[in-house]
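Each remark here refers to the structure printed beneath this line.
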Amino acid sequence: MSGTASTLEPLFSFVTSSYAALETNFFKIPGSAVVARYVKSSHQNDPGRTLLEVILIIFAVRTLLQSRTRADHSGKHFIQFNEQEIDDLVDEWSPEPLAQPLSAQEKADLASVPVIVGPTGPKPKLSTGKTVTNLASYNFAGLAGNSVIKERAIDTLRKYGLGSCGPPGFYGTQDVHIQLEKDIADFLGTEAAIIYSQAFSTISSVIPAFCKRGDVIVADRGVNFAIQKGLQISRCTVRWYDHNDMESLEQVLESVEKERRKKKGPLTRRFIVTEGIFDHDGAMSDLPKLVELKEKYKYRLILDESVSFGSIGRTGRGLTELYNVPASQVDMLVGSIANGLSSCGGFCAGSSVVVNHQRINGTSFVFSAAMPAMLSVAASEGINILRSTPSILSTLHDNVRAVRAVLDRVDCIAIPSHPASAIIHLTIRWPAPATLQAPPAGASPGKPSNPLSVLPRDAPQFDVELEERLLQDVVDEALAQGVLVTRARRLRGQELVEARPSVRLAVSAALTRKECEKAANVVKTAFVKVLGKRR
Amino acid sequence: MFKKKSSSALSTAASYLSAVSEADARARAHGGTPNSTPALSLSSSLTTSSEDTVLDESGAEVVNALLYPRLPPTSEQVFTTVHTEFGHCANEDYRYTSQHRAGTSYKSNAEQDPPYYILLTTYLSYLMVICLGHLRDFVGKRMRPSFYKHLVARNGYAALNSDFDSFYTRRLKSRIDDCFSHPVTGVPGRTIVLLDRYSPDNNATLIPTGTRTRALNISSYNYLGFAQGKGACADAVEESVWRYGVSSGGTRLEGGTLDLHLQAEALVARFVGMEDALISSMGFATNSTIIPALVSKGCLVVSDEFNHASIRYGVRLSGASVRMFKHNDMQSLEALLREVISQGQPKTHRPWKKILLIVEGLYSMEGTLVNLPVVMELKKKYKFSLFIDEAHSIGALGPHGRGVADYFGINPRSIDILMGTFTKSFGAAGGYIAGNKALIDRLRLQGHSGVYAEAMTPPVLTQVLASMASIMGVTLPAEKTVSPALPLLRSSADLHMPEPEPECAYPGTAPAAALPSWMPLVPSLVDGSDGRVRLRRLAFNTRYLNRGLRKLGFITYGHDDSPVVPLLLFNLGKMAVFSRMMRTRATPIVVVVVGYPATALVTSRVRFCLSAAHTKEDVDTVLTACDEIGDVLDLKKAAGERWPLQEIIDRAVELVNMLEVP
């Protein structure tokens with residue numbers, strides 16, 4: 001007994017001494033006397049309360065220390081396994097391969113991609129050794145290969161090196177970027193502009209920068225893939241209107257307004273998202289009507305001019321120039337520097353509030369390196385050229401008319417593109433009684449589509465595989481005759497609405513009218529030949 | 001071998017030599033050490049004699065120490081680079097090899113906590129600026145409503161940005177806006193030229209003053225120093241612009257594919273040691289457009305909590321489920337893997353279709369490397385697919401610069417997907433994905449960028465080809481006998497090759513046939529000596545700064561071999577002060593300061609990015625500056641043995657070569 005007492009002796013003394021130390025230290029803290037007095041008196045009055053308070057404190061500490069990712073364990077779907085069971089399950093699990101090997105069709109698809117040897121331009125040389133007329137590459141104003149741009153680019157290379165080696169926030173903003181932003185803003189007539197280093201990532205960053213959960217977006221059913229991704233990532237409420245149909249848009253705007261009034265919800269941000277010239281089919285938006293509707297219903301307009309900037313209007317300023325609508329009326333005007341100015345990147349022009357907001361909230365602006373200086377200068381020079389030589393655009397428009405004149409009245413070709421559009425989509429026109437495109441029975445034209453669903457009510461029916469195969473034959477046939485065109489490539493299965501398969505031509509000002517006519521005739525002959533075989 | 005140098009390089013070197021000796025003579029005459037006194041009048045007279053070596057300095061405040069090396073080169077040393085872009089460093093002692101020591105386990109430096117009073121003051125300072133901000137908003141909205149116009153609903157339009165959402169930006173970040181988005185000009189190499197600006201209204205507007213300041217650049221992602229306006233890569237790019245122009249004219253699948261794309265993809269695949277690779281024109285988009293093609297609903301992405309925004313963006317688009325594990329914590333990862341595999345998909349408990357682990361090779365905010373050896377063991381056991389984002393590690397790590405797999409000596413083919421960017425180590429732009437052929441072909445068709453994003457432009461492709469070839473070295477076809485079956489002949493033809501390597505060896509050289517025939521090949525590029533020197537200089541600088549800072553007593557995160565060095569500041573206000581003090585020194589230094597929301601609330605930090613372009617003296621300069629500022633700002637809080645500054649500078653080589661720092 002005394003043995004245990006003596007062995008415990010140091011422990012006791014340690015407890016006492018540490019208690020004493022704790023006490024003295026506690027009373028050293030200013031204000032501790034007040035706390036002690038309070039505890040003492042409250043314990044005296046009501047010992048039960050002390051117990052309650054201690055429990056409360058323990059509970060609070062436990063809550064604070066609890067892991068926040070615990071949710072999955074305690075959920076009612078969680079199954080408790082022991083280690084052995086987990087090991088067995090791990091052994092049992094066999095994942096799918098990361099990627100399925102390509103099918104023969106897909107392999108052919110990939111192999112059909114043309115490879116240009118040497119510079120791209122109106123007459124590039126292909127890896128097959130053939131020199132072809134190029135109606136595939138985006139080179140609207142014929143800036144690719146311009147020697148003034150080359151010289152300016154090389155000057156810049158020698159002064160700035162190639163890469164910018166940093167995101168814009170961390171010493172990646174070079175004076176040439178600021179200059180290009182200014183040039184674009186001046187060119188379009190907006191307050192400011194911001195440049196992104198890839199055109200595709202521009203709009204899918206611009207949309208989520210402004211549209212948050214709960215905001216309303218009214219979008220065209222035919223918007224391009226980048227916009228679809230932007231809408232997906234923004235997580236806001238999306239309502240759809242029929243492709244390029246202003247009446248449908250007005251109906252949807254009206255229904256959203258009604259819904260809001262019924263709910264009496266707070267005022268949220270509302271946007272109309274559409275394209276200037278649609279990448280999917282070349283149709284053109286009616287900008288004045290869009291602006292009218294947006295002002296009427298108090299929406300902001302996000303307009304993607306990736307195709308129209310640099311190809312439409314007297315000097316290539318896009319839809320705003322064509323319709324003579326001040327660019328400041330489009331709240332966010334997004335365009336492609338890669339397509340329109342034959343360099344790389346994209347831009348968003350708008351008021352300085354809109355632009356500055358993106359400098360912190362535009363995901364792919366903030367987290368990506370700035371555009372290489374020489375490409376930025378090349379774009380600035382491209383704008384200079386467009387400004388100073390309006391003849392470029394008139395040549396382009398002449399060429400477009402020439403191509404359309406050949407292709408417009410061909411039995412087996414349907415062209416959904418606007419007559420002024422520099423990209424021309426050619427789809428197959430089946431003879432009227434074809435089973436493939438039978439009009440759905442009982443179609444009542446008055447009834448609108450459901451704005452909640454991206455699918456239109458009377459979706460056109462077409463056999464994707466068959467049409468793609470035929471169109472590839474057309475492309476191959478045209479190539480054999482020395483004209484490079486391309487099928488419009490799509491991400492089948494990933495798009496919201498499957499676009500009609502088409503052959504896409506991109507007309508360039510670098511070709512002469514004669515060459516364009518000749519190339520268009522080749523395409524026409526190819527269509528007739530391939531489709532004629534099937535009849 | 002230097003006879004082949006172009007005449008312009010020789011004249012550069014000659015004019016440069018004369019300028020240096022002149023500078024040296026004058027400095028001696030004044031009796032001061034050249035680097036401590038900027039001697040403005042003297043330097044301005046110097047620029048005239050060496051216009052070729054210096055960017056247009058008109059109006060720029062020239063700092064002598066940045067323009068010329070402290071010791072003038074001797075007669076046998078020939079430098080072909082411009083000192084302001086790529087520093088001259090002939091001392092072979094200042095070299096190191098970035099490599100993991102076999103047999104040891106990966107360990108990054110312990111993350112030390114600061115004393116409690118620093119945490120407390122940090123929280124207090126946040127509290128203070130937040131209260132102050134709200135107070136200013138309260139008063140401002142009443143007194144000057146015009147300033148808040150864009151934050152309130154107006155004639156039927158909701159505000160574009162609510163005052164709540166933008167509070168942090170308006171009231172906290174704007175206080176230190178002068179430390180962000182600083183406009184620059186010129187090559188972002190060893191030094192960078194800042195376009196000075198000032199603000200009359202507390203950073204609401206920043207107005208350029210028109211003057212310029214050249215500063216030591218320890219901020220740009222220029223690990224191997226390929227950001228150069230002169231040199232082999234720039235010459236190759238110039239040639240490509242003459243030949244190809246600046247545009248590739250469309251998307252990869254719709255007529256935008258050039259022969260250069262195929263060459264670059266083949267070379268990238270060879271460089272990283274994979275079967276095939278694809279190239280995307282933007283680094284961010286490489287992740288955000290390719291990950292959705294890899295995983296979909298029913299798949300699980302296991303992601304490190306500090307993964308880059310582009311990865312999160314891509315995963316969000318893919319529709320796959322995501323689970324995160326604690327940063328680089330392999331126990332947490334294993335526990336998570338055991339849980340998700342045993343539980344299967346939520347609710348249905350069906351097995352996951354695929355599990356994709358996404359990690360970064362080198363974390364750009366933390367300076368930590370992925371613990372790859374352990375990940376590979378886990379991969380064997382748990383059968384998940386592995387995706388490594390090598391945005392920062394490719395080129396910067398490993399004895400051959402092939403990234404984190406090379407660093408740990410792991411066969412890259414045992415990793416499923418290697419992703420990386422060209423922005424950082426290669427001085428270009430864009431990114432790549434490498435893997436087996438079937439996978440890459442699928443991504444070519446189903447990744448978003450192949451169909452819809454513009455193809456990479458020719459000058460950027462050329463920069464990639466040239467810089468990569470420079471790191472790899474080039475195998476010239478053996479003279480007359482072109483048979484690849486006789487590697488011995490080749491090695492005798494090129495004595496600089498360390499040893500003959502079979503064609504497809506990893507990490508091997510680039511065959512000359514893989515490069516465009518018009519590309520000018522200088523000897524230092526062919527024998528790989530240029531690339532080797534860059535790799536070894538970077539490794540030395542990296543280790544020196546990492547260890548030097550810790551010997552000075554700073555709290556740093558990450559690994560000694562990480563070229564990204566985060567130095568912890570903790571207090572919000574110290575970010576701005578640190579950045580400004582560095583920028584306004586006699587030898588200005590630009591640094592990147594990062595705070596919330598890029599880091600945790602209390603771990604505001606300054607981030608140094610080292611480069612092969614820095615000389616040992618440059619790192620000395622940074623250490624000296626940190627030492628002084630650290631004293632002022634009370635930053636030296638780390639435990640462990642400390643050395644005085646002079647000792648660190650003197651014993652740098654010893655410090656770098658130590659196995660472990662006590």
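Here, A, B, ... name the chains of the structure tokens in the order displayed, residue numbers run from 1 inside each chain, and ligands are numbered from 1 in the same displayed order.
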Which of range 97-193 of chain A end up as helix (DSSP H, G or I) when DSSP is run on this backbone - answer as number ranges by chain?
A: 104-111, 147-160, 168-172, 175-188
Option closest in space to chain A, from B:Arg142, B:Arg583, B:Lys437, B:Arg543 [counting only C-alpha atoms]:
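The answer is B:Lys437, which sits nearest to chain A.
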Just to confirm, what's the straight-line distance from CA of Lys263 in chain A to CA of Val454 in chain A in Å (one decimal)?
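So the answer is 23.2 Å.
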One number please: CA of Cys165 in chain A to CA of His327 in chain B, in Å, one decimal.
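CA of Cys165 in chain A sits 26.0 Å away from CA of His327 in chain B.
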Contacts of Asp476 in chain A within 10 Å, only C-alpha atoms, excl. fewer than 6 positions in-chain, as a list in words
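The filter keeps Ser112, Leu470, Gly482, Val483, Leu484, Val485, Thr486 and Ala526 of chain A.
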What does the file look like for those residues with C-alpha atoms, as an mmCIF file, in the first residue's frame?
data_model
loop_
_atom_site.group_PDB
_atom_site.id
_atom_site.type_symbol
_atom_site.label_atom_id
_atom_site.label_comp_id
_atom_site.auth_asym_id
_atom_site.auth_seq_id
_atom_site.Cartn_x
_atom_site.Cartn_y
_atom_site.Cartn_z
ATOM 1 C CA SER A 112 -9.019 12.374 -93.706
ATOM 2 C CA LEU A 470 -21.533 11.277 -98.354
ATOM 3 C CA GLY A 482 -7.668 20.605 -106.446
ATOM 4 C CA VAL A 483 -10.035 22.374 -104.046
ATOM 5 C CA LEU A 484 -9.544 22.053 -100.304
ATOM 6 C CA VAL A 485 -12.828 22.129 -98.406
ATOM 7 C CA THR A 486 -13.745 20.456 -95.156
ATOM 8 C CA ALA A 526 -18.440 17.007 -106.603
#
Can you pull out the residues contacting Val374 in chain B? Cut-off 10 Å, using only C-alpha atoms, and skip same-chain residues under 4 positions away; I want them as a PyMOL selection string.
chain B and resi 105-106+330-331+334+370+378-380
Based on DSSP run over this structure's backbone, return all residues of range 180-426 of chain B in strand (DSSP E or B), as an NGL selection string.
:B and (184-185 or 191-198 or 207-217 or 251 or 258 or 276-280 or 300-304 or 321-325 or 355-360 or 362 or 369 or 385-389 or 417-421)
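In this structure, CA of Phe78 in chain A sits 9.3 Å away from CA of His349 in chain B.
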